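A.B. asks: Sending over a structure as structure tokens; questions will come in a sec.
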Amino acid sequence: MTQPLSRTGRRTGVVLNYVSLALLAFSIMASEYGWGSGWPIAGIAVSLILFILTFMQVYGRTGLWRFVHLKLDQLDEREVQLIHRSLRLSYATFTVMALLYILILNLSFDFLSDLRDPEGDFTLGNVIFIVFIYLSHILPASILAWSERRVLL
Amino acid sequence: MESRQLYNRIGVLRQEMGISRKELAAAIGVNYQTVGYLEREEYSPSLDLALRICSYFGLPVEMVFSSEPMPPLSREVLDLRRGQGT
């Protein structure tokens with residue numbers, strides 16, 4: 001029988017998952033825009049392994065990924081309340097993240113010039129687009145992993 | 001709005017009937033973890049769920065739920081007997 005992860009273990013896993021996601025995205029962009037030689041490939045490999053491992057541990061093994069994607073009629077009233085709270089917080093967090101990203105883009109740092117199209121406008125880019133799609137799906141599960149004393153198995 | 005703490009005897013009644021949390025959960029239509037939350041009084045059920053629980057145990061609502069900490073059932077039975085003079 002598998003032992004459930006403690007809350008501290010889940011929180012560590014959530015942080016590591018986000019750190020590995022950020023490293024993965026940065027390494028892919030570094031490789032794409034030629035920001036370095038050699039290290040982006042190693043960065044992609046290491047961060048991808050860490051990302052998959054932490055995802056499996058925190059969201060797969062605990063059943064949180066499956067739980068937040070269940071249909072409403074498969075949940076009881078306490079679980080509906082739990083999902084509602086996590087979705088509400090996720091919506092607010094996602095909005096803040098998206099606005100911060102737009103703000104950073106508009107600060108016009110030199111190293112961000114690679115993210116501009118030939119007309120000088122910022123583009124979202126495939127990597128960031130995928131990161132935002134992932135975040136929109138994983139944030140509710142992250143909030144439950146972070147805040148709940150007991151998780152489903 | 002902060003909801004009021006509700007006390008209950010679900011754990012005692014379940015153990016008295018000799019059934020598991022999973023069996024009770026299946027009978028009242030919730031996840032077995034929700035039964036744990038109810039027993040620990042960490043979750044206050046809706047009126048619908050409370051009535052389903054009472055109906056399952058065959059007891060009136062005031063015997064299962066209260067807004068005040070509930071005395072042990074043995075104490076309540078004793079008080080009842082004393083009141084009847086038996």
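Identifiers in the structure tokens: chain A, B, ... in order shown; residue index from 1 per chain; ligand index from 1 in order shown.
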So that each row is one residue of chain B with an atom at most 10 Å from chain A, can you give its shortest atom pair and the distance in Å to one decimal, using only C-alpha atoms, rows by chain and rising number, as a Markdown table?
C.D. replies:
| residue | atom | partner | partner_atom | distance |
| --- | --- | --- | --- | --- |
| B:Gly29 | CA | A:Asp76 | CA | 7.5 |
| B:Val30 | CA | A:Asp76 | CA | 5.3 |
| B:Asn31 | CA | A:Asp76 | CA | 6.6 |
| B:Gln33 | CA | A:Leu152 | CA | 8.0 |
| B:Thr34 | CA | A:Arg78 | CA | 6.7 |
| B:Tyr37 | CA | A:Arg78 | CA | 9.0 |
| B:Leu38 | CA | A:Arg78 | CA | 9.7 |
| B:Tyr43 | CA | A:Arg78 | CA | 7.5 |
| B:Ser44 | CA | A:Arg78 | CA | 8.8 |
| B:Pro45 | CA | A:Arg78 | CA | 7.9 |
| B:Ser46 | CA | A:Glu77 | CA | 7.9 |
| B:Leu49 | CA | A:Glu77 | CA | 8.6 |
A.B. asks: Would you put the residues from that selection into a file with N, CA and C atoms, as a PDB file, in the first residue's frame?
C.D. replies:
ATOM      1  N   GLY B  29     -24.451   8.114   0.069  1.00  0.00           N
ATOM      2  CA  GLY B  29     -24.076   8.703  -1.227  1.00  0.00           C
ATOM      3  C   GLY B  29     -23.010   9.767  -1.183  1.00  0.00           C
ATOM      4  N   VAL B  30     -21.966   9.540  -0.355  1.00  0.00           N
ATOM      5  CA  VAL B  30     -20.827  10.466  -0.340  1.00  0.00           C
ATOM      6  C   VAL B  30     -19.524   9.670  -0.400  1.00  0.00           C
ATOM      7  N   ASN B  31     -18.416  10.382  -0.580  1.00  0.00           N
ATOM      8  CA  ASN B  31     -17.094   9.763  -0.540  1.00  0.00           C
ATOM      9  C   ASN B  31     -16.791   9.345   0.904  1.00  0.00           C
ATOM     10  N   GLN B  33     -14.205   9.608   2.560  1.00  0.00           N
ATOM     11  CA  GLN B  33     -13.431  10.627   3.281  1.00  0.00           C
ATOM     12  C   GLN B  33     -14.349  11.695   3.872  1.00  0.00           C
ATOM     13  N   THR B  34     -15.458  11.925   3.204  1.00  0.00           N
ATOM     14  CA  THR B  34     -16.424  12.907   3.718  1.00  0.00           C
ATOM     15  C   THR B  34     -17.019  12.410   5.038  1.00  0.00           C
ATOM     16  N   TYR B  37     -14.585  13.370   7.644  1.00  0.00           N
ATOM     17  CA  TYR B  37     -14.690  14.806   7.946  1.00  0.00           C
ATOM     18  C   TYR B  37     -15.911  15.080   8.823  1.00  0.00           C
ATOM     19  N   LEU B  38     -17.038  14.395   8.520  1.00  0.00           N
ATOM     20  CA  LEU B  38     -18.262  14.587   9.312  1.00  0.00           C
ATOM     21  C   LEU B  38     -18.045  14.093  10.741  1.00  0.00           C
ATOM     22  N   TYR B  43     -16.567  19.176   8.994  1.00  0.00           N
ATOM     23  CA  TYR B  43     -17.439  19.585   7.898  1.00  0.00           C
ATOM     24  C   TYR B  43     -18.892  19.498   8.372  1.00  0.00           C
ATOM     25  N   SER B  44     -19.647  20.573   8.135  1.00  0.00           N
ATOM     26  CA  SER B  44     -21.070  20.584   8.497  1.00  0.00           C
ATOM     27  C   SER B  44     -21.888  20.242   7.260  1.00  0.00           C
ATOM     28  N   PRO B  45     -22.714  19.208   7.355  1.00  0.00           N
ATOM     29  CA  PRO B  45     -23.448  18.785   6.156  1.00  0.00           C
ATOM     30  C   PRO B  45     -24.600  19.714   5.802  1.00  0.00           C
ATOM     31  N   SER B  46     -25.067  19.592   4.564  1.00  0.00           N
ATOM     32  CA  SER B  46     -26.267  20.325   4.144  1.00  0.00           C
ATOM     33  C   SER B  46     -27.469  19.664   4.828  1.00  0.00           C
ATOM     34  N   LEU B  49     -28.161  16.223   3.278  1.00  0.00           N
ATOM     35  CA  LEU B  49     -27.264  15.141   3.716  1.00  0.00           C
ATOM     36  C   LEU B  49     -27.545  14.769   5.173  1.00  0.00           C
TER      37      LEU B  49
END
A.B. asks: Using only C-alpha atoms, which protein or nucleic acid residues come within 10 Å of Ile41 (chain A)? Drop anything in the same chain fewer than 5 positions from it, and give the result as a PyMOL selection string.
C.D. replies: chain A and resi 24+27-28+30-31+36+46-47
A.B. asks: Mind writing the picked residues with N, CA and C atoms as a PDB file, in the first residue's frame?
C.D. replies:
ATOM      1  N   LEU A  24      12.501  24.553 -17.342  1.00  0.00           N
ATOM      2  CA  LEU A  24      12.253  23.890 -18.629  1.00  0.00           C
ATOM      3  C   LEU A  24      11.892  24.918 -19.700  1.00  0.00           C
ATOM      4  N   SER A  27      14.959  27.022 -20.506  1.00  0.00           N
ATOM      5  CA  SER A  27      15.953  26.267 -21.285  1.00  0.00           C
ATOM      6  C   SER A  27      15.510  26.110 -22.740  1.00  0.00           C
ATOM      7  N   ILE A  28      14.202  25.842 -22.925  1.00  0.00           N
ATOM      8  CA  ILE A  28      13.700  25.696 -24.299  1.00  0.00           C
ATOM      9  C   ILE A  28      13.832  27.014 -25.050  1.00  0.00           C
ATOM     10  N   ALA A  30      15.953  29.415 -24.326  1.00  0.00           N
ATOM     11  CA  ALA A  30      17.387  29.674 -24.514  1.00  0.00           C
ATOM     12  C   ALA A  30      17.908  28.914 -25.728  1.00  0.00           C
ATOM     13  N   SER A  31      17.432  27.674 -25.862  1.00  0.00           N
ATOM     14  CA  SER A  31      17.840  26.853 -27.005  1.00  0.00           C
ATOM     15  C   SER A  31      17.291  27.435 -28.309  1.00  0.00           C
ATOM     16  N   GLY A  36      22.561  30.538 -25.251  1.00  0.00           N
ATOM     17  CA  GLY A  36      23.738  29.868 -24.693  1.00  0.00           C
ATOM     18  C   GLY A  36      24.086  28.682 -25.564  1.00  0.00           C
ATOM     19  N   VAL A  46      17.447  17.880 -17.589  1.00  0.00           N
ATOM     20  CA  VAL A  46      17.346  17.822 -16.116  1.00  0.00           C
ATOM     21  C   VAL A  46      15.972  18.315 -15.645  1.00  0.00           C
ATOM     22  N   SER A  47      15.543  19.466 -16.173  1.00  0.00           N
ATOM     23  CA  SER A  47      14.275  20.029 -15.709  1.00  0.00           C
ATOM     24  C   SER A  47      13.082  19.175 -16.142  1.00  0.00           C
TER      25      SER A  47
END
A.B. asks: Per DSSP on the backbone, what are the alpha helix (DSSP H) residues of region 38-144 of chain A, as a ChimeraX atom specification?
C.D. replies: /A:39-55,64-68,77-106,126-144
A.B. asks: Save the residues we just selected, C-alpha atoms, as a CSV table (one decimal), in the first residue's frame?
C.D. replies:
chain,number,residue,atom,x,y,z
A,39,TRP,CA,23.7,24.2,-21.3
A,40,PRO,CA,20.1,24.6,-22.7
A,41,ILE,CA,20.0,21.0,-23.8
A,42,ALA,CA,21.3,19.8,-20.4
A,43,GLY,CA,18.8,22.2,-18.7
A,44,ILE,CA,15.9,20.8,-20.8
A,45,ALA,CA,16.9,17.2,-19.8
A,46,VAL,CA,17.3,17.8,-16.1
A,47,SER,CA,14.3,20.0,-15.7
A,48,LEU,CA,12.1,17.7,-17.8
A,49,ILE,CA,13.0,14.7,-15.5
A,50,LEU,CA,12.4,16.7,-12.4
A,51,PHE,CA,9.1,18.1,-13.8
A,52,ILE,CA,7.8,14.6,-14.7
A,53,LEU,CA,8.9,13.1,-11.3
A,54,THR,CA,7.3,15.8,-9.2
A,55,PHE,CA,4.2,15.7,-11.3
A,64,LEU,CA,-5.3,15.2,-7.2
A,65,TRP,CA,-5.0,15.5,-11.0
A,66,ARG,CA,-7.9,13.1,-11.5
A,67,PHE,CA,-9.9,14.6,-8.7
A,68,VAL,CA,-9.9,18.2,-10.0
A,77,GLU,CA,-21.2,18.2,-1.5
A,78,ARG,CA,-18.0,18.6,0.5
A,79,GLU,CA,-15.9,17.8,-2.6
A,80,VAL,CA,-17.9,20.4,-4.7
A,81,GLN,CA,-17.1,23.0,-2.1
A,82,LEU,CA,-13.4,22.0,-2.2
A,83,ILE,CA,-13.3,22.2,-5.9
A,84,HIS,CA,-15.1,25.6,-5.9
A,85,ARG,CA,-12.6,27.1,-3.5
A,86,SER,CA,-9.6,25.8,-5.4
A,87,LEU,CA,-11.1,27.0,-8.7
A,88,ARG,CA,-11.8,30.5,-7.3
A,89,LEU,CA,-8.2,30.8,-6.0
A,90,SER,CA,-6.8,29.4,-9.2
A,91,TYR,CA,-8.7,32.0,-11.3
A,92,ALA,CA,-7.3,34.8,-9.1
A,93,THR,CA,-3.8,33.4,-9.2
A,94,PHE,CA,-3.9,32.8,-13.0
A,95,THR,CA,-5.1,36.4,-13.6
A,96,VAL,CA,-2.3,37.8,-11.5
A,97,MET,CA,0.3,35.6,-13.3
A,98,ALA,CA,-1.0,36.6,-16.7
A,99,LEU,CA,-1.0,40.3,-15.8
A,100,LEU,CA,2.5,40.1,-14.3
A,101,TYR,CA,3.8,38.4,-17.5
A,102,ILE,CA,2.3,41.2,-19.6
A,103,LEU,CA,3.8,43.8,-17.2
A,104,ILE,CA,7.3,42.2,-17.5
A,105,LEU,CA,7.1,42.1,-21.3
A,106,ASN,CA,6.2,45.8,-21.3
A,126,ASN,CA,4.6,28.6,-28.1
A,127,VAL,CA,6.5,27.8,-24.9
A,128,ILE,CA,4.8,30.5,-22.8
A,129,PHE,CA,1.4,29.5,-24.4
A,130,ILE,CA,1.9,25.9,-23.3
A,131,VAL,CA,3.1,26.9,-19.8
A,132,PHE,CA,-0.1,29.0,-19.4
A,133,ILE,CA,-2.3,26.1,-20.6
A,134,TYR,CA,-0.5,23.8,-18.1
A,135,LEU,CA,-0.9,26.3,-15.3
A,136,SER,CA,-4.6,26.7,-16.0
A,137,HIS,CA,-5.0,22.9,-15.5
A,138,ILE,CA,-2.7,22.4,-12.6
A,139,LEU,CA,-3.4,25.4,-10.3
A,140,PRO,CA,-6.6,23.9,-8.7
A,141,ALA,CA,-4.7,20.7,-7.9
A,142,SER,CA,-1.7,22.7,-6.6
A,143,ILE,CA,-3.9,24.7,-4.3
A,144,LEU,CA,-5.4,21.5,-2.9
A.B. asks: Any idea what's packed within 9 Å of Ile53 (chain B), counting only C-alpha atoms, ignoring anything in its chain fewer than 2 positions away? Could you give it as a list in words?
C.D. replies: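 Once the nearby chain positions are removed, what remains is Ile10, Leu24, Ala27, Ile28, Asp48, Leu49, Ala50, Leu51, Ser55, Tyr56, Phe57, Gly58, Leu59, Val61 and Val64 of chain B.
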A.B. asks: Using DSSP secondary structure from the backbone, list all strand (DSSP E or B) positions within chain B, as a list of chain:residue names.
C.D. replies: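 Filtering chain B down to strand (DSSP E or B) leaves B:Tyr7, B:Asn8, B:Phe65, B:Ser66.
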A.B. asks: Can you write out the residues you just picked, keeping C-alpha atoms, as an mmCIF file, in the first residue's frame?
C.D. replies:
data_model
loop_
_atom_site.group_PDB
_atom_site.id
_atom_site.type_symbol
_atom_site.label_atom_id
_atom_site.label_comp_id
_atom_site.auth_asym_id
_atom_site.auth_seq_id
_atom_site.Cartn_x
_atom_site.Cartn_y
_atom_site.Cartn_z
ATOM 1 C CA TYR B 7 -21.727 18.619 16.581
ATOM 2 C CA ASN B 8 -22.825 15.092 15.790
ATOM 3 C CA PHE B 65 -26.908 16.660 15.285
ATOM 4 C CA SER B 66 -26.704 19.590 17.654
#
